[in-house]
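Q: One structure, pasted below without further comment.
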Amino acid sequence: MADSIQQQLQQLVLLSDSVGTAGAGVGAGSVSTVEEAMEQLGPLIHSVYRANKQKLFRQQVELFAQRKDAEIMKLCGNYHQEFVQSVAQLLKVRQNTSELQEKVVGLNAELQLSGKSLYEKKAELLSLRREHGNIQDAVDAVRGCLDVVRMVAGFDEQVVGKQYYSAIKTLGALKDQSLPQVRRFAFGRMLESSIPHMETKLQAAALKDMKDWLFGLKKTTRDIGRHLTGRMQRKQGMWAERDAAVQERYFVSSAVQFVLDEEYDHDEPLAVDMMPLYQCLHINEKLGRRAEFRRSFTEDRSDQLSLILASPVQFALAQLAPFEAMLFDVIGFFVVEHGILASAPDFRSKADVDTLWDAGIAKLSDIIARSIQTIRGDPAISQALQGSLTTFTYVMEENAYDVRKLRELMMAIFGA
């Protein structure tokens with residue numbers, strides 16, 4: 001009986017194990033297995049109570065439980081060491097993980113500190129670079145300003161030293177190249193505002209030299225007039241000798257005489273240095289003041305001619321020297337005008353020179369006409385004056401001036 005109960009209990013355990021295994025899946029199969037176990041348990045208990053073997057059944061259940069406990073203890077004893085080792089390993093892993101976490105935290109702190117230091121150094125480096133850039137910009141600006149100051153100082157020295165061509169180049173470089181680079185500074189704007197004053201200073205210096213040159217021309221023009229008059233008087237002597245050797249007298253114009261005398265004329269003309277005029281003209285052209293300078297020069301030359309013709313003269317035999325000196329001055333004056341016209345026709349036009357010549361001849365004719373009674377009343381004076389005027393007309397005609405009005409006046413005074 002006891003063995004039978006034990007066998008039935010063992011089957012129930014196996015059945016319960018199968019129920020537990022089948023219980024892992026959810027479905028209708030697991031429910032039916034549990035019901036089967038309950039159905040088998042019922043008859044077993046019924047048979048126990050029917051046989052009045054409750055005590056025995058309890059004892060067998062306890063024995064069965066003890067045997068299962070022993071099996072469980074044996075099973076646990078077999079895997080306990082491995083479990084303990086696993087737990088120890090897990091604890092060790094946990095400890096290592098904690099240590100590693102602490103190291104990671106420490107490393108992160110070091111990295112944070114190093115990153116902060118690196119950031120501060122980089123920020124300092126960028127600040128230093130900006131400061132270096134600002135310093136370099138300041139140095140470049142100061143160097144540019146110094147260059148401008150040197151150019152301005154050099155300009156003043158060139159003007160004082162009468163190096164006007166260099167001065168106009170310096171002024172052009174200042175306006176076009178140097179000043180635009182420092183215009184953003186108050187210093188540069190101040191210098192830029194002084195450019196008109198510098199231009200006026202240069203123009204005034206060149207104009208002063210030109211006026212000094214014009215004033216100095218007074219002696220030069222008289223020397224030119226005296227030289228050309230003496231040269232023409234020698235030609236007139238040659239013409240007289242040539243006419244005396246000719247049996248048949250016939251008229252030969254002065255233009256033909258000039259051509260015939262070219263091969264015998266070896267006199268070197270007196271040179272006139274016109275550099276101050278050309279220099280002043282160049283400066284005014286570069287400054288855009290050519291028209292203003294042209295008007296000023298025309299007025300100055302007109303005033304000079306008026307001063308020449310305003311010299312006091314007397315038509316007495318022993319006092320013709322002032323009048324002859326006036327003729328020398330007029331000759332030299334218009335020879336210089338002829339040279340300016342030939343070398344700078346775009347500055348001094350033929351119309352300007354012709355207007356000045358006509359005004360000079362009108363003034364000279366007026367001077368002679370005011371003393372016409374004195375001239376006609378003294379044959380010696382008339383002859384000397386006729387000779388001077390004849391030589392004068394030849395000289396001026398040789399230099400391409402129209403002397404017809406003067407000859408008409410001589411014809412009216414002296415006759416044929």
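Please note that chains go A, B, ... in the order of the structure tokens, that every chain numbers its residues from 1, and that ligands are numbered from 1 in the order shown.
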With a distance cut-off of 12 Å and only C-alpha atoms, select the neighbouring residues of Thr355 in chain A, excluding the residue or stretch itself and same-chain residues fewer than 5 positions from it, and output the selection as a JSON list (two decimals) with all heavy atoms, in the first residue's frame.

A:
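Saved result, out-v3.json, follows:
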[["chain", "number", "residue", "atom", "x", "y", "z"],
["A", 298, "THR", "N", 50.45, 137.41, -71.21],
["A", 298, "THR", "CA", 50.09, 138.41, -72.24],
["A", 298, "THR", "C", 50.05, 139.81, -71.64],
["A", 298, "THR", "O", 50.54, 140.77, -72.25],
["A", 298, "THR", "CB", 48.72, 138.05, -72.85],
["A", 298, "THR", "OG1", 48.80, 136.75, -73.45],
["A", 298, "THR", "CG2", 48.32, 139.06, -73.90],
["A", 301, "ARG", "N", 53.68, 140.99, -70.89],
["A", 301, "ARG", "CA", 54.43, 141.39, -72.09],
["A", 301, "ARG", "C", 53.90, 142.71, -72.65],
["A", 301, "ARG", "O", 54.67, 143.56, -73.12],
["A", 301, "ARG", "CB", 54.30, 140.29, -73.16],
["A", 301, "ARG", "CG", 55.02, 139.03, -72.79],
["A", 301, "ARG", "CD", 56.51, 139.24, -72.63],
["A", 301, "ARG", "NE", 57.20, 139.30, -73.93],
["A", 301, "ARG", "CZ", 58.46, 139.67, -74.09],
["A", 301, "ARG", "NH1", 59.17, 140.08, -73.04],
["A", 301, "ARG", "NH2", 59.02, 139.68, -75.28],
["A", 302, "SER", "N", 52.61, 142.91, -72.58],
["A", 302, "SER", "CA", 52.05, 144.19, -73.03],
["A", 302, "SER", "C", 52.54, 145.33, -72.15],
["A", 302, "SER", "O", 52.89, 146.42, -72.65],
["A", 302, "SER", "CB", 50.52, 144.11, -72.99],
["A", 302, "SER", "OG", 49.95, 145.34, -73.41],
["A", 305, "LEU", "N", 56.19, 146.09, -73.08],
["A", 305, "LEU", "CA", 56.31, 146.87, -74.30],
["A", 305, "LEU", "C", 55.91, 148.32, -74.04],
["A", 305, "LEU", "O", 56.56, 149.26, -74.57],
["A", 305, "LEU", "CB", 55.43, 146.26, -75.39],
["A", 305, "LEU", "CG", 55.47, 146.96, -76.75],
["A", 305, "LEU", "CD1", 56.90, 146.95, -77.32],
["A", 305, "LEU", "CD2", 54.51, 146.30, -77.73],
["A", 334, "PHE", "N", 60.69, 141.87, -79.72],
["A", 334, "PHE", "CA", 59.92, 141.10, -80.69],
["A", 334, "PHE", "C", 60.70, 139.91, -81.26],
["A", 334, "PHE", "O", 60.08, 138.95, -81.75],
["A", 334, "PHE", "CB", 59.43, 142.01, -81.82],
["A", 334, "PHE", "CG", 58.24, 142.83, -81.42],
["A", 334, "PHE", "CD1", 58.37, 144.16, -81.08],
["A", 334, "PHE", "CD2", 56.98, 142.25, -81.33],
["A", 334, "PHE", "CE1", 57.27, 144.92, -80.70],
["A", 334, "PHE", "CE2", 55.88, 143.00, -80.94],
["A", 334, "PHE", "CZ", 56.02, 144.34, -80.62],
["A", 337, "GLU", "N", 59.75, 137.41, -78.79],
["A", 337, "GLU", "CA", 58.38, 136.99, -79.08],
["A", 337, "GLU", "C", 58.34, 136.01, -80.25],
["A", 337, "GLU", "O", 57.60, 135.02, -80.23],
["A", 337, "GLU", "CB", 57.51, 138.21, -79.40],
["A", 337, "GLU", "CG", 57.08, 139.01, -78.20],
["A", 337, "GLU", "CD", 56.11, 138.24, -77.32],
["A", 337, "GLU", "OE1", 55.24, 137.51, -77.85],
["A", 337, "GLU", "OE2", 56.23, 138.34, -76.09],
["A", 348, "ARG", "N", 51.68, 130.65, -77.32],
["A", 348, "ARG", "CA", 51.73, 132.04, -77.83],
["A", 348, "ARG", "C", 51.33, 132.01, -79.29],
["A", 348, "ARG", "O", 52.08, 131.56, -80.15],
["A", 348, "ARG", "CB", 53.14, 132.58, -77.66],
["A", 348, "ARG", "CG", 53.26, 134.08, -77.80],
["A", 348, "ARG", "CD", 52.71, 134.77, -76.61],
["A", 348, "ARG", "NE", 53.04, 136.20, -76.63],
["A", 348, "ARG", "CZ", 52.27, 137.12, -76.13],
["A", 348, "ARG", "NH1", 51.10, 136.78, -75.61],
["A", 348, "ARG", "NH2", 52.63, 138.38, -76.13],
["A", 349, "SER", "N", 50.13, 132.49, -79.62],
["A", 349, "SER", "CA", 49.65, 132.43, -81.00],
["A", 349, "SER", "C", 50.18, 133.60, -81.81],
["A", 349, "SER", "O", 50.57, 134.65, -81.28],
["A", 349, "SER", "CB", 48.12, 132.44, -81.01],
["A", 349, "SER", "OG", 47.62, 133.68, -80.57],
["A", 350, "LYS", "N", 50.17, 133.43, -83.13],
["A", 350, "LYS", "CA", 50.62, 134.49, -84.03],
["A", 350, "LYS", "C", 49.70, 135.71, -83.92],
["A", 350, "LYS", "O", 50.15, 136.86, -84.03],
["A", 350, "LYS", "CB", 50.64, 133.99, -85.47],
["A", 350, "LYS", "CG", 51.29, 134.96, -86.45],
["A", 350, "LYS", "CD", 51.40, 134.35, -87.82],
["A", 350, "LYS", "CE", 52.20, 135.26, -88.76],
["A", 350, "LYS", "NZ", 51.66, 136.64, -88.82],
["A", 360, "GLY", "N", 52.62, 148.17, -80.81],
["A", 360, "GLY", "CA", 53.95, 148.78, -80.68],
["A", 360, "GLY", "C", 54.24, 149.74, -81.82],
["A", 360, "GLY", "O", 54.79, 150.84, -81.59],
["A", 361, "ILE", "N", 53.92, 149.33, -83.04],
["A", 361, "ILE", "CA", 54.17, 150.20, -84.20],
["A", 361, "ILE", "C", 53.30, 151.47, -84.11],
["A", 361, "ILE", "O", 53.75, 152.58, -84.44],
["A", 361, "ILE", "CB", 53.88, 149.45, -85.51],
["A", 361, "ILE", "CG1", 54.95, 148.37, -85.72],
["A", 361, "ILE", "CG2", 53.85, 150.39, -86.70],
["A", 361, "ILE", "CD1", 56.36, 148.91, -85.80],
["A", 362, "ALA", "N", 52.06, 151.31, -83.64],
["A", 362, "ALA", "CA", 51.18, 152.47, -83.48],
["A", 362, "ALA", "C", 51.78, 153.45, -82.47],
["A", 362, "ALA", "O", 51.77, 154.67, -82.69],
["A", 362, "ALA", "CB", 49.80, 152.02, -83.06],
["A", 401, "TYR", "N", 58.13, 140.16, -89.51],
["A", 401, "TYR", "CA", 57.14, 141.12, -89.03],
["A", 401, "TYR", "C", 56.73, 142.04, -90.19],
["A", 401, "TYR", "O", 57.54, 142.37, -91.08],
["A", 401, "TYR", "CB", 57.69, 141.94, -87.87],
["A", 401, "TYR", "CG", 57.74, 141.15, -86.58],
["A", 401, "TYR", "CD1", 58.93, 140.54, -86.17],
["A", 401, "TYR", "CD2", 56.62, 141.01, -85.78],
["A", 401, "TYR", "CE1", 58.98, 139.81, -84.99],
["A", 401, "TYR", "CE2", 56.66, 140.29, -84.60],
["A", 401, "TYR", "CZ", 57.85, 139.68, -84.22],
["A", 401, "TYR", "OH", 57.88, 138.97, -83.06],
["A", 402, "ASP", "N", 55.48, 142.46, -90.16],
["A", 402, "ASP", "CA", 54.92, 143.34, -91.20],
["A", 402, "ASP", "C", 55.32, 144.78, -90.89],
["A", 402, "ASP", "O", 54.91, 145.35, -89.87],
["A", 402, "ASP", "CB", 53.40, 143.20, -91.22],
["A", 402, "ASP", "CG", 52.76, 143.98, -92.37],
["A", 402, "ASP", "OD1", 53.52, 144.60, -93.15],
["A", 402, "ASP", "OD2", 51.52, 143.96, -92.48]]

Q: Enumerate, as a VMD selection string, the complete set of residues in range 60-289 of chain A that a backbone-based DSSP assignment places in alpha helix (DSSP H).

A: chain A and resid 60 to 160 164 to 173 179 to 181 186 to 193 195 to 245 254 to 260 275 to 286

Q: Could you tell me which of A:Ile283, A:Gln314, A:Gly216, A:Gln236 comes closest to Glu199 in chain A if we count only C-alpha atoms?

A: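 Closest to Glu199 in chain A, using only C-alpha atoms: A:Ile283.
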
Q: Work out how far apart CA of Cys145 in chain A and CA of Phe187 in chain A are and give it in Å to one decimal.

A: 8.1 Å

Q: Of the residues A:Ser311, A:Gln177, A:Ser371, A:Ser194, which is the one nearest to Asp147 in chain A, using only C-alpha atoms?

A: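 Selected residue with least distance to Asp147 in chain A: A:Gln177.
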
Q: Can you list, as a PyMOL selection string, every protein, DNA or RNA residue that comes within 8 Å of Ala206 in chain A when you count only C-alpha atoms, leaving out same-chain residues fewer than 5 positions away?

A: chain A and resi 162+164+276+279-280+283

Q: With a distance cut-off of 12 Å and only C-alpha atoms, select the neighbouring residues of Gly415 in chain A, excluding the residue or stretch itself and same-chain residues fewer than 6 positions from it, and output the selection as an MDAnalysis selection string.

A: chainID A and resid 376 382:383 386 407:409

Q: Rank nothing, just name the residue among A:Asp69, A:Ser178, A:Leu90, A:Leu277 nearest to Asp209 in chain A, using only C-alpha atoms.

A: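 Checking each candidate against Asp209 in chain A, we get A:Leu277 as the closest.
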
Q: Which residue is closest to Thr220 in chain A? Choose from A:Ile168, A:Val160, A:Val335, A:Ala321 and count only C-alpha atoms.

A: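 Among A:Ile168, A:Val160, A:Val335, A:Ala321, it is A:Val335 that comes nearest to Thr220 in chain A.
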
Q: Just the residues within 12 Å of Tyr165 in chain A, please, counting only C-alpha atoms, with nothing from its chain fewer than 4 positions along; format it as a list in words.

A: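 Answer for this query is Phe155, Gln158, Val159, Gly161, Lys169, Thr170, Leu171, Gly172, Leu202, Gln203, Ala206, Met275, Pro276, Tyr278, Gln279, Cys280, Leu281, His282, Ile283, Asn284, Glu285 and Lys286 of chain A.
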
Q: At most 12 Å is the cut-off: for each residue in range 297-372 of chain A with any atom that close to an atom of range 388-398 of chain A, write down the nearest atom pair and the distance in Å rounded to one decimal, counting only C-alpha atoms, chain first then increasing number, as a Markdown table.

A:
| residue | atom | partner | partner_atom | distance |
| --- | --- | --- | --- | --- |
| A:Leu320 | CA | A:Ser388 | CA | 9.7 |
| A:Ala321 | CA | A:Ser388 | CA | 10.6 |
| A:Phe323 | CA | A:Ser388 | CA | 9.3 |
| A:Glu324 | CA | A:Ser388 | CA | 7.2 |
| A:Ala325 | CA | A:Ser388 | CA | 10.7 |
| A:Met326 | CA | A:Phe392 | CA | 10.9 |
| A:Leu327 | CA | A:Phe392 | CA | 7.1 |
| A:Phe328 | CA | A:Phe392 | CA | 8.5 |
| A:Asp329 | CA | A:Phe392 | CA | 11.0 |
| A:Val330 | CA | A:Phe392 | CA | 9.3 |
| A:Ile331 | CA | A:Met396 | CA | 6.9 |
| A:Gly332 | CA | A:Met396 | CA | 9.8 |
| A:Phe333 | CA | A:Met396 | CA | 10.8 |
| A:Phe334 | CA | A:Met396 | CA | 8.2 |
| A:Val335 | CA | A:Met396 | CA | 8.2 |
| A:Val336 | CA | A:Met396 | CA | 11.9 |
| A:Glu337 | CA | A:Met396 | CA | 11.8 |
| A:His338 | CA | A:Met396 | CA | 10.3 |
| A:Trp357 | CA | A:Met396 | CA | 10.3 |
| A:Ile361 | CA | A:Thr393 | CA | 10.8 |
| A:Leu364 | CA | A:Leu389 | CA | 10.7 |
| A:Ser365 | CA | A:Leu389 | CA | 10.9 |
| A:Ile368 | CA | A:Leu389 | CA | 10.6 |

Q: Please dump the current selection as a tab-separated table (two decimals), in the first residue's frame; keep C-alpha atoms.

A:
chain	number	residue	atom	x	y	z
A	320	LEU	CA	69.26	160.34	-80.59
A	321	ALA	CA	70.90	157.65	-78.43
A	323	PHE	CA	65.63	156.69	-79.31
A	324	GLU	CA	68.14	154.24	-80.80
A	325	ALA	CA	68.19	152.37	-77.48
A	326	MET	CA	64.39	152.21	-77.67
A	327	LEU	CA	64.64	150.70	-81.14
A	328	PHE	CA	67.16	148.16	-79.82
A	329	ASP	CA	64.72	147.24	-77.04
A	330	VAL	CA	61.82	146.89	-79.47
A	331	ILE	CA	63.88	144.70	-81.79
A	332	GLY	CA	65.03	142.43	-78.94
A	333	PHE	CA	61.51	142.32	-77.49
A	334	PHE	CA	59.92	141.10	-80.69
A	335	VAL	CA	62.79	138.74	-81.55
A	336	VAL	CA	62.10	137.04	-78.20
A	337	GLU	CA	58.38	136.99	-79.08
A	338	HIS	CA	59.23	135.40	-82.41
A	357	TRP	CA	53.31	144.30	-82.84
A	361	ILE	CA	54.17	150.20	-84.20
A	364	LEU	CA	56.23	154.21	-82.11
A	365	SER	CA	54.53	156.04	-84.98
A	368	ILE	CA	57.66	160.07	-84.20
